[in-house]
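For reference, the structure is listed below as structure tokens.
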Amino acid sequence: MQLALWTYEGPPHVGAMRVATAMKGVHYVLHAPQGDTYADLLFTMIERRGQRPPVSYTTFQARDLGGDTATLFRDTLADAFERFQPQAILVGASCTAELIQDDPGGLARALALPVPVVALELPSYQRKENWGAGETFYQLVRSFCGDEKPARAEDAVPSCNILGPTALGFRHRDDLREIRALLGEMGVRVNVAAPLDATPADLSRLAQADFNVVLYPEIAGPAAALLERRFGQKQTRIVPIGVGATRDFIREVAALAGIDPEPILSRAQSNLPWYSRSVDSTYLTGKRVFVYGDATHAIAAARVATEELGFTLVGLGTYSREQARDLRDAARKYGVEPLISDDHLEVEAAIGAAGAELVLGTQMERHIAKRLGIPCAVISAPVHVQDFPARHSPQMGFEGANVLFDSWVHPLMMGLEEHLLGLFKDDFEFADGAAPSHLAAEEPVTPAAVLADVAVWDAAAERELSRVPFFVRGKARRNTERFAKERGLSSISLDTLYDAKAHYAR
Amino acid sequence: MNAIAPARQTDIVRENGQRSVFCGLTGIVWLHRRIQDAFFLVVGSRTCAHLLQSAAGVMIFAEPRFATAIIEERDLAGRADPEDELDRVVERLLERRPDIRLLFLVGSCPSEVIKLDLSRASARLSRRFAPAVRVLDYSGSGIETTFTEGEDRCLEALVPTLPQDDAPALLVVGVLADVVEAQFRRLFEALGIERVRFLPASRAHEMPAIGAGTRILCAQPFLHNTVQALQRRGGVPVAAPFPLGAEGTTLWVAAAAAAFGIPPERVRAVCEAGEARARTALAAHRSALQGKTVFLFPDSQLELPLARFLQRELGMVAVEIGTPFLHRGALAAELALLPPGSSVVEGQHVDRQLDRCRAARPDITVCGLGLANPLEAEGLTTKWSIELLFSPIQGYEQAADLAALFTRPLDRRTRLAV
Ligand code: SF4
């Protein structure tokens with residue numbers, strides 16, 4: 001048993017729902033108790049979808065267990081087919097139904113419905129949401145893609161499929177639009193994009209493309225591997241998040257499509273490179289950033305943070321155990337300790353220990369950062385209603401890079417603004433008797449736990465610190481305290497302050 | 001004061017099919033806020049954990065007092081002894097949270113299907129951690145409980161632990177907001193009832209006593225098992241409608257007063273001001289809601305009292321009153337107050353119910369979170385029912401707030417020109 005106060009991923013059948021809900025003409029019949037219908041609200045309330053997810057639940061109860069839950073499943077399936085007339089049906093079990101072993105696949109076959117039925121086996125006690133989405137997409141592709149690669153016309157324009165975007169994905173809707181447009185500009189035809197907005201019939205056309213663009217390896221990886229095995233379709237390996245990755249992606253696509261990347265590379269523009277070089281961005285230099293999220297977004301964010309914003313990476317982590325190896329490789333490259341964990345308390349401890357000045361994480365890290373008083377931007381699922389902005393707000397492509405610049409740098413600027421307010425607070429115009437001052441004999445605002453191992457500033461040192469320019473004051477305080485701690489000093493004097501400054505200036 | 005109308009035939013239909021309702025685990029979201037030194041440990045799956053955090057929404061800000069012990073493959077395959085595993089998890093938990101005095105082990109569908117004996121586990125752990133922590137257990141599973149039934153099972157589990165006291169006392173049962181509890185306490189004290197107690201109390205060691213002199217007054221309509229358990233401890237239930245709206249509150253208070261032999265004049269004197277204030281506050285809402293139709297999907301079991309309030313005090317017309325269950329005994333007073341010919345549907349077949357709702361095109365639909373936006377997208381106005389559990393709606397001072405939950409969505413729809 002694992003003690004979970006919070007989970008970054010739902011159960012695997014929620015992943016299956018994300019695929020079913022993304023597609024058109026698919027209905028999912030889920031053997032599950034009534035409470036599992038909560039998952040509908042993820043789509044209707046968080047993503048604000050205007051339709052119920054295409055899911056029928058059997059909602060069996062305890063009294064059914066002695067009797068015939070299998071019949072209940074069959075009836076639900078027959079009703080759902082009758083009512084929704086889908087082109088394809090997914091059947092499966094949630095965690096509880098997995099235990100009663102009614103075999104939804106077998107029951108569905110016995111019903112001999114006139115549409116394809118794909119049976120999902122999603123082991124709820126071993127796997128999680130992203131794996132469930134990947135497996136579901138894989139099973140759908142396997143069922144519909146056929147075995148024959150159609151002959152390619154000599155003069156056909158290069159074409160690809162875009163694989164990975166689902167319902168309830170972090171900016172999937174916007175990423176798809178962005179990458180579709182980018183491919184269009186390159187003269188690459190998008191044959192099918194799936195699962196988002198695709199029909200089962202679309203999946204049967206997958207083989208017609210020359211290659212596959214994999215946006216989210218967690219979800220599209222297994223299906224892309226199958227297509228590669230079956231039809232020799234190559235897949236992209238670069239996830240186009242950030243300017244550098246997008247440029248690499250363009251080169252990769254161009255190579256797969258047999259076209260020249262230079263025209264588009266010379267045309268393509270993002271504001272990020274110039275904004276990042278603009279002198280006001282100098283203060284971003286070496287900001288200590290901690291990155292955590294699903295593996296795809298975390299690894300991509302590490303690159304953008306270091307290469308494109310000039311931050312210093314102080315931590316890199318993911319909850320995606322399936323992609324742990326990729327993340328470890330990335331962490332090695334940046335010389336940080338990889339964190340593979342889905343325990344948010346462990347993540348919190350790691351962020352605290354790393355002395356981060358900015359956190360790029362999930363909604364959970366946003367809460368953690370708030371508690372620690374560190375600015376934060378969200379880069380990855382699990383999603384929150386805020387992650388579905390009204391405006392076009394991709395993470396991928398050149399526009400995505402603009403979005404990253406804005407959304408990662410603004411929290412830092414807000415931080416600066418607060419420092420400014422703090423700076424002016426001592427001016428008489430801003431005087432506020434209630435404001436805590438370390439010099440006044442007021443209640444300490446520092447929590448006891450922090451006090452325990454932090455040296456006490458004497459009055460002269462504290463006064464000196466208040467003269468340090470606001471934008472480096474936080475760093476000066478932290479460095480001095482760390483310096484004092486390392487030397488076992490219980491108090492900080494003027495000398496300690498300047499010894500520490502000299503020490504870190506090396 | 002309105003007299004209770006004689007019972008007239010209400011059309012009650014039973015329906016079976018897909019239910020679109022949360023399971024009893026959801027109650028943890030409001031129970032843990034009420035009992036402030038209690039921790040709720042669900043023994044379940046990742047689904048249970050996900051349900052809890054999805055239903056609790058942003059309440060994860062602080063370290064929450066609920067969690068899930070997620071059953072894993074090794075527990076099922078016999079590679080780990082689930083009992084040892086549970087002990088280990090509880091140990092770790094209580095180490096982290098020395099402030100916890102009451103721990104509930106909450107059963108889920110998976111724990112029940114694999115027949116994990118949580119009552120044995122709670123007895124064992126209780127012995128081990130006594131006297132600092134008491135460990136109790138109840139089922140919040142979706143195969144045994146529907147939404148608000150989780151609260152019923154939780155309070156039921158508390159009943160055997162309550163101290164015995166046979167002196168005359170009034171016990172108000174059901175989670176209420178602090179402000180509502182304080183208002184009710186003042187009312188009952190003004191009536192001259194000497195001992196007024198509330199279950200659950202906000203602290204584990206302050207739970208109320210129960211005994212032969214106790215009169216049980218339910219503040220919520222879904223506390224069937226709890227009342228039975230309290231009866232076994234000697235308590236006597238008071239039949240009453242529920243304290244929604246001015247009329248409902250007065251009838252509820254009056255029923256308690258009658259049980260203590262307090263004359264009606266005294267009730268009138270005590271209730272008059274509050275009731276008048278409530279009626280005044282409701283007037284504006286009444287003019288906005290008069291004649292409007294309402295369709296209630298089955299969810300919290302508050303549907304009957306709610307339909308009664310909306311119809312009798314606000315002049316609305318209930319097209320269909322869904323309820324997951326109908327405990328006729330407990331709701332007799334409510335059924336008697338419903339206008340004749342009301343259509344009550346017990347149970348659910350969500351697709352058919354949606355068909356009926358679309359056909360009726362009610363002015364407002366009360367439903368769960370999964371259905372609200374899809375119905376809005378079809379041009380219907382909705383009110384999410386979960387808010388009825390999270391906001392203070394009982395009593396005189398909250399009557400208009402309850403009405404506002406219905407006027408606001410309608411008001412919004414008339415404002416918007418996009
Ligand atoms: S219905 Fe059962 S399995 Fe689903 S969340 Fe509720 S208790 Fe857990």
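Chain labels follow the order of the structure tokens: the first chain is A, the next B, and so on; residue numbering restarts at 1 in every chain, and ligands are counted from 1 in their shown order.
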Problem set entry | Residue neighbourhood B:Arg277, 9 Å, only C-alpha atoms, exclusion window fewer than 6 positions, as an MDAnalysis selection string | chainID B and resid 246 396:397
Problem set entry | Distance-based interface of chain B with chain A, 8 Å, counting only C-alpha atoms, as a VMD selection string | chain B and resid 17 to 24 45 to 47 49 to 51 53 to 55 61 64 66 to 73 75 82 85 to 86 89 109 to 110 113 to 114 141 to 144 146 to 147 369 to 377
C-alpha atoms of the current selection, written as a compact mmCIF listing (two decimals), in the first residue's frame:
# COMPACT_ATOMS: atom_id res chain seq x y z
CA GLY B 17 -29.96 2.33 -14.81
CA GLN B 18 -26.74 4.30 -14.93
CA ARG B 19 -26.39 6.56 -11.96
CA SER B 20 -24.45 9.77 -12.28
CA VAL B 21 -23.70 10.36 -8.61
CA PHE B 22 -20.55 10.43 -6.51
CA CYS B 23 -19.84 7.72 -3.97
CA GLY B 24 -19.84 8.17 -0.20
CA SER B 45 -7.40 2.58 -5.26
CA ARG B 46 -5.88 5.40 -7.26
CA THR B 47 -9.42 6.07 -8.50
CA ALA B 49 -7.62 9.17 -4.40
CA HIS B 50 -8.36 10.89 -7.69
CA LEU B 51 -12.06 11.25 -6.89
CA GLN B 53 -8.82 15.38 -4.91
CA SER B 54 -11.10 16.19 -7.85
CA ALA B 55 -14.10 16.71 -5.58
CA PHE B 61 -3.59 24.22 -0.25
CA PRO B 64 -5.15 17.94 3.97
CA PHE B 66 -7.50 13.01 4.26
CA ALA B 67 -5.46 10.58 2.23
CA THR B 68 -5.66 7.26 0.46
CA ALA B 69 -3.80 4.09 1.24
CA ILE B 70 -3.59 2.90 -2.35
CA ILE B 71 -3.89 -0.85 -2.74
CA GLU B 72 -1.21 -2.12 -5.11
CA GLU B 73 -0.59 -5.21 -7.13
CA ASP B 75 -1.28 -6.46 -1.89
CA PRO B 82 -2.61 -5.93 3.48
CA GLU B 85 0.70 -2.73 5.07
CA LEU B 86 -2.20 -0.81 6.56
CA VAL B 89 0.73 3.32 6.56
CA CYS B 109 -15.15 -0.62 -3.45
CA PRO B 110 -11.79 -2.35 -3.88
CA VAL B 113 -14.50 -6.56 -2.92
CA ILE B 114 -11.25 -8.07 -1.64
CA SER B 141 -17.62 2.83 -1.16
CA GLY B 142 -19.59 3.38 -4.32
CA ILE B 143 -21.06 -0.10 -4.17
CA GLU B 144 -22.51 0.55 -0.71
CA THR B 146 -24.21 7.17 -2.62
CA PHE B 147 -22.74 10.63 -2.07
CA LEU B 369 -20.94 18.59 -11.83
CA GLY B 370 -20.70 16.12 -14.69
CA LEU B 371 -23.99 17.24 -16.20
CA ALA B 372 -24.07 20.99 -15.56
CA ASN B 373 -21.94 22.33 -18.39
CA PRO B 374 -23.31 19.96 -21.05
CA LEU B 375 -26.82 21.12 -20.15
CA GLU B 376 -25.74 24.76 -20.16
CA ALA B 377 -24.28 24.19 -23.61
Problem set entry | Shell of 12 Å around stretch 323-332 of chain A, only C-alpha atoms, local chain residues under 2 positions omitted, as number ranges by chain | A: 130-131, 216-219, 221, 237, 290-303, 313-321, 334-342
Exercise. From the list B:Glu334, B:Gln290, B:Pro241, B:Pro362, which residue is nearest B:Gly315 when using only C-alpha atoms?
Worked result: B:Gln290
Exercise. From the set B:Asp401, B:Asp117, B:Glu91, B:Glu320, which residue has the shortest atom-to-atom contact distance to B:Ile364, counting only C-alpha atoms?
Worked result: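 The shortest atom-to-atom distance to B:Ile364 comes from B:Glu320.
The gap separating atom CA of B:Leu310 from atom CA of B:Ala284 is 13.6 Å, in Å to one decimal.
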For this session: Just the helix (DSSP H, G or I) stuff from stretch 361-416 of chain B, please, per backbone DSSP, written as number ranges by chain.
Result: B: 369-377, 387-390, 396-415
Residues from last step as file, C-alpha atoms, as a compact mmCIF listing (two decimals), in the first residue's frame:
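Final file, result.txt:
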# COMPACT_ATOMS: atom_id res chain seq x y z
CA LEU B 369 -20.94 18.59 -11.83
CA GLY B 370 -20.70 16.12 -14.69
CA LEU B 371 -23.99 17.24 -16.20
CA ALA B 372 -24.07 20.99 -15.56
CA ASN B 373 -21.94 22.33 -18.39
CA PRO B 374 -23.31 19.96 -21.05
CA LEU B 375 -26.82 21.12 -20.15
CA GLU B 376 -25.74 24.76 -20.16
CA ALA B 377 -24.28 24.19 -23.61
CA GLU B 387 -22.88 23.51 -3.45
CA LEU B 388 -25.85 22.58 -1.28
CA LEU B 389 -23.44 20.59 0.86
CA PHE B 390 -20.61 23.10 0.91
CA TYR B 396 -33.76 31.46 8.81
CA GLU B 397 -30.70 33.58 8.18
CA GLN B 398 -29.58 31.38 5.29
CA ALA B 399 -32.98 31.00 3.61
CA ALA B 400 -32.31 33.84 1.19
CA ASP B 401 -28.79 32.57 0.51
CA LEU B 402 -30.34 29.27 -0.48
CA ALA B 403 -32.79 31.05 -2.78
CA ALA B 404 -29.90 33.07 -4.24
CA LEU B 405 -28.26 29.85 -5.38
CA PHE B 406 -31.18 29.63 -7.80
CA THR B 407 -31.70 33.26 -8.74
CA ARG B 408 -28.03 33.85 -9.56
CA PRO B 409 -27.76 31.46 -12.52
CA LEU B 410 -31.02 32.83 -13.93
CA ASP B 411 -29.90 36.41 -13.38
CA ARG B 412 -26.64 35.61 -15.11
CA ARG B 413 -28.38 34.20 -18.14
CA THR B 414 -30.48 37.33 -18.54
CA ARG B 415 -27.43 39.60 -18.20
For this session: Give me, please, the distance in Å between atom CA of B:Ser342 and atom CA of B:Phe242, quoted to one decimal.
Result: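 Spanning atom CA of B:Ser342 to atom CA of B:Phe242 is a straight-line distance of 18.2 Å.
Every residue of stretch 82-261 of chain A with a DSSP assignment of strand (DSSP E or B), taken from the backbone, is listed as A:Ala88, A:Ile89, A:Leu90, A:Val91, A:Gly92, A:Ala93, A:Val117, A:Val118, A:Ala119, A:Ser159, A:Cys160, A:Asn161, A:Ile162, A:Leu163, A:Arg189, A:Val190, A:Asn191, A:Val192, A:Ala193, A:Ala194, A:Phe211, A:Asn212, A:Val213, A:Val214, A:Lys234, A:Gln235, A:Ile241.
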Exercise. Can you tell me how far atom CA of A:Lys485 sits from atom CA of A:Ile351, in Å to one decimal?
Worked result: 18.6 Å
Problem set entry | Residue among A:Pro158, A:Ser407, A:His31, A:Ile89 lying closest to ligand 1, counting only C-alpha atoms and all ligand atoms |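 Residue with the minimum atom-to-atom distance to ligand 1: A:His31.
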For this session: Can you work out which one of B:Val29, B:Leu93, B:Asn225, B:Pro392 has the shortest atom-to-atom distance to B:Glu156, counting only C-alpha atoms?
Result: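 Using only C-alpha atoms, the shortest distance to B:Glu156 belongs to B:Asn225.
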Seminar exercise, completed: Among B:Asp99, B:Glu83, B:Asp37, B:Glu313, B:Ser111 is approached most closely, using only C-alpha atoms, by B:Glu83
Exercise. Can you tell me, as a ChimeraX atom specification, what residues are no more than 8 Å from A:Gly25 when counting only C-alpha atoms, ignoring any on the same chain fewer than 4 positions away?
Worked result: /A:86-88,199-200
Output file for the selection above: C-alpha atoms, as a short mmCIF file (atom, residue, chain, number, x, y, z; two decimals), in the first residue's frame:
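That gives us selection-v2.cif:
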data_model
loop_
_atom_site.label_atom_id
_atom_site.label_comp_id
_atom_site.auth_asym_id
_atom_site.auth_seq_id
_atom_site.Cartn_x
_atom_site.Cartn_y
_atom_site.Cartn_z
CA PRO A 86 -20.84 5.01 -32.28
CA GLN A 87 -18.50 3.90 -35.06
CA ALA A 88 -16.37 2.05 -32.54
CA THR A 199 -12.66 9.37 -35.99
CA PRO A 200 -12.02 5.62 -36.12
#
Problem set entry | For ligand 1, the nearest of the candidates A:Ala93, A:Arg142, A:Leu196, A:Val115, counting only C-alpha atoms and all ligand atoms | A:Ala93
For this session: Write out as a VMD selection string each polymer residue whose atoms come within 9 Å of stretch 125-139 of chain B, counting only C-alpha atoms; drop sequence neighbours fewer than 5 positions from it.
Result: chain B and resid 24 to 25 87 90 94 98 100 to 109 112 118 to 120 144 to 145 150 153 to 158 204
Can I get the selection written as an mmCIF file, in the first residue's frame, with N, CA and C atoms?
data_model
loop_
_atom_site.group_PDB
_atom_site.id
_atom_site.type_symbol
_atom_site.label_atom_id
_atom_site.label_comp_id
_atom_site.auth_asym_id
_atom_site.auth_seq_id
_atom_site.Cartn_x
_atom_site.Cartn_y
_atom_site.Cartn_z
ATOM 1 N N GLY B 24 -19.870 7.620 -1.559
ATOM 2 C CA GLY B 24 -19.843 8.169 -0.205
ATOM 3 C C GLY B 24 -18.509 8.752 0.228
ATOM 4 N N LEU B 25 -17.436 8.430 -0.481
ATOM 5 C CA LEU B 25 -16.130 9.012 -0.113
ATOM 6 C C LEU B 25 -16.190 10.531 -0.130
ATOM 7 N N ASP B 87 -1.154 -1.189 8.714
ATOM 8 C CA ASP B 87 -0.546 -0.773 9.983
ATOM 9 C C ASP B 87 0.633 0.158 9.732
ATOM 10 N N VAL B 90 -0.604 3.576 8.579
ATOM 11 C CA VAL B 90 -1.199 4.332 9.683
ATOM 12 C C VAL B 90 -0.107 4.848 10.619
ATOM 13 N N LEU B 94 0.369 8.750 11.466
ATOM 14 C CA LEU B 94 0.198 9.322 12.797
ATOM 15 C C LEU B 94 1.507 9.944 13.295
ATOM 16 N N PRO B 98 0.856 14.314 14.667
ATOM 17 C CA PRO B 98 0.581 14.054 16.085
ATOM 18 C C PRO B 98 -0.659 14.792 16.599
ATOM 19 N N ILE B 100 -3.578 14.531 15.365
ATOM 20 C CA ILE B 100 -4.794 13.771 15.053
ATOM 21 C C ILE B 100 -5.264 12.961 16.268
ATOM 22 N N ARG B 101 -6.561 13.075 16.584
ATOM 23 C CA ARG B 101 -7.141 12.354 17.718
ATOM 24 C C ARG B 101 -8.098 11.255 17.276
ATOM 25 N N LEU B 102 -8.590 11.382 16.064
ATOM 26 C CA LEU B 102 -9.601 10.449 15.588
ATOM 27 C C LEU B 102 -9.237 10.080 14.161
ATOM 28 N N LEU B 103 -9.085 8.789 13.939
ATOM 29 C CA LEU B 103 -8.729 8.345 12.592
ATOM 30 C C LEU B 103 -9.841 7.460 12.063
ATOM 31 N N PHE B 104 -10.357 7.816 10.903
ATOM 32 C CA PHE B 104 -11.346 6.968 10.257
ATOM 33 C C PHE B 104 -10.667 6.173 9.152
ATOM 34 N N LEU B 105 -10.813 4.860 9.199
ATOM 35 C CA LEU B 105 -10.431 4.043 8.050
ATOM 36 C C LEU B 105 -11.677 3.957 7.191
ATOM 37 N N VAL B 106 -11.598 4.416 5.975
ATOM 38 C CA VAL B 106 -12.797 4.487 5.146
ATOM 39 C C VAL B 106 -12.723 3.430 4.058
ATOM 40 N N GLY B 107 -13.691 2.530 4.075
ATOM 41 C CA GLY B 107 -13.718 1.434 3.101
ATOM 42 C C GLY B 107 -14.136 1.936 1.735
ATOM 43 N N SER B 108 -13.607 1.285 0.689
ATOM 44 C CA SER B 108 -13.914 1.655 -0.690
ATOM 45 C C SER B 108 -14.377 0.400 -1.426
ATOM 46 N N CYS B 109 -14.752 0.561 -2.669
ATOM 47 C CA CYS B 109 -15.154 -0.617 -3.447
ATOM 48 C C CYS B 109 -14.053 -1.676 -3.468
ATOM 49 N N GLU B 112 -13.638 -3.481 -0.221
ATOM 50 C CA GLU B 112 -14.772 -4.345 0.106
ATOM 51 C C GLU B 112 -14.826 -5.572 -0.781
ATOM 52 N N LEU B 118 -11.883 -3.962 7.672
ATOM 53 C CA LEU B 118 -11.453 -2.712 8.288
ATOM 54 C C LEU B 118 -11.924 -2.580 9.725
ATOM 55 N N SER B 119 -13.000 -3.305 10.099
ATOM 56 C CA SER B 119 -13.448 -3.168 11.487
ATOM 57 C C SER B 119 -12.436 -3.863 12.393
ATOM 58 N N ARG B 120 -11.887 -4.971 11.904
ATOM 59 C CA ARG B 120 -10.848 -5.621 12.707
ATOM 60 C C ARG B 120 -9.607 -4.733 12.765
ATOM 61 N N GLU B 144 -21.643 0.549 -1.899
ATOM 62 C CA GLU B 144 -22.508 0.545 -0.708
ATOM 63 C C GLU B 144 -23.173 1.895 -0.474
ATOM 64 N N THR B 145 -22.508 2.970 -0.884
ATOM 65 C CA THR B 145 -23.019 4.287 -0.505
ATOM 66 C C THR B 145 -23.058 5.255 -1.681
ATOM 67 N N GLY B 150 -22.255 8.736 2.700
ATOM 68 C CA GLY B 150 -20.951 8.650 3.358
ATOM 69 C C GLY B 150 -20.981 9.342 4.714
ATOM 70 N N ARG B 153 -22.793 7.126 7.152
ATOM 71 C CA ARG B 153 -21.998 6.000 7.662
ATOM 72 C C ARG B 153 -20.931 6.473 8.647
ATOM 73 N N CYS B 154 -20.383 7.634 8.393
ATOM 74 C CA CYS B 154 -19.356 8.165 9.290
ATOM 75 C C CYS B 154 -19.955 8.458 10.665
ATOM 76 N N LEU B 155 -21.105 9.129 10.679
ATOM 77 C CA LEU B 155 -21.731 9.472 11.961
ATOM 78 C C LEU B 155 -22.209 8.201 12.663
ATOM 79 N N GLU B 156 -22.684 7.254 11.871
ATOM 80 C CA GLU B 156 -23.119 5.980 12.442
ATOM 81 C C GLU B 156 -21.947 5.320 13.192
ATOM 82 N N ALA B 157 -20.767 5.409 12.596
ATOM 83 C CA ALA B 157 -19.592 4.799 13.222
ATOM 84 C C ALA B 157 -19.244 5.478 14.539
ATOM 85 N N LEU B 158 -19.598 6.752 14.654
ATOM 86 C CA LEU B 158 -19.300 7.480 15.890
ATOM 87 C C LEU B 158 -20.232 7.084 17.028
ATOM 88 N N ALA B 204 -12.848 15.653 18.529
ATOM 89 C CA ALA B 204 -13.113 14.248 18.820
ATOM 90 C C ALA B 204 -13.545 14.040 20.269
#
For this session: Tell me which protein, DNA and RNA residues are within 7 Å of B:Pro243, counting only C-alpha atoms, leaving out same-chain ones fewer than 6 positions away, and put them as a ChimeraX atom specification.
Result: /B:219,249,252,394-395
For the residues selected in the previous step, produce a file with N, CA, C and O atoms as a PDB file, in the first residue's frame.
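Okay, selection-v8.pdb is ready:
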ATOM      1  N   ALA B 219     -30.794  17.318  10.992  1.00  0.00           N
ATOM      2  CA  ALA B 219     -30.673  18.557  10.219  1.00  0.00           C
ATOM      3  C   ALA B 219     -30.545  18.239   8.739  1.00  0.00           C
ATOM      4  O   ALA B 219     -30.611  19.131   7.897  1.00  0.00           O
ATOM      5  N   THR B 249     -37.784  25.727   8.518  1.00  0.00           N
ATOM      6  CA  THR B 249     -37.076  25.943   9.780  1.00  0.00           C
ATOM      7  C   THR B 249     -38.060  26.013  10.932  1.00  0.00           C
ATOM      8  O   THR B 249     -37.854  25.403  11.982  1.00  0.00           O
ATOM      9  N   TRP B 252     -39.448  22.657  11.723  1.00  0.00           N
ATOM     10  CA  TRP B 252     -38.379  21.822  12.307  1.00  0.00           C
ATOM     11  C   TRP B 252     -38.182  22.172  13.782  1.00  0.00           C
ATOM     12  O   TRP B 252     -38.158  21.308  14.656  1.00  0.00           O
ATOM     13  N   GLN B 394     -29.057  26.079   5.796  1.00  0.00           N
ATOM     14  CA  GLN B 394     -30.160  25.789   6.714  1.00  0.00           C
ATOM     15  C   GLN B 394     -30.471  27.005   7.594  1.00  0.00           C
ATOM     16  O   GLN B 394     -29.608  27.829   7.861  1.00  0.00           O
ATOM     17  N   GLY B 395     -31.710  27.064   8.045  1.00  0.00           N
ATOM     18  CA  GLY B 395     -32.094  28.088   9.027  1.00  0.00           C
ATOM     19  C   GLY B 395     -32.604  29.368   8.399  1.00  0.00           C
ATOM     20  O   GLY B 395     -32.518  29.569   7.186  1.00  0.00           O
TER      21      GLY B 395
END
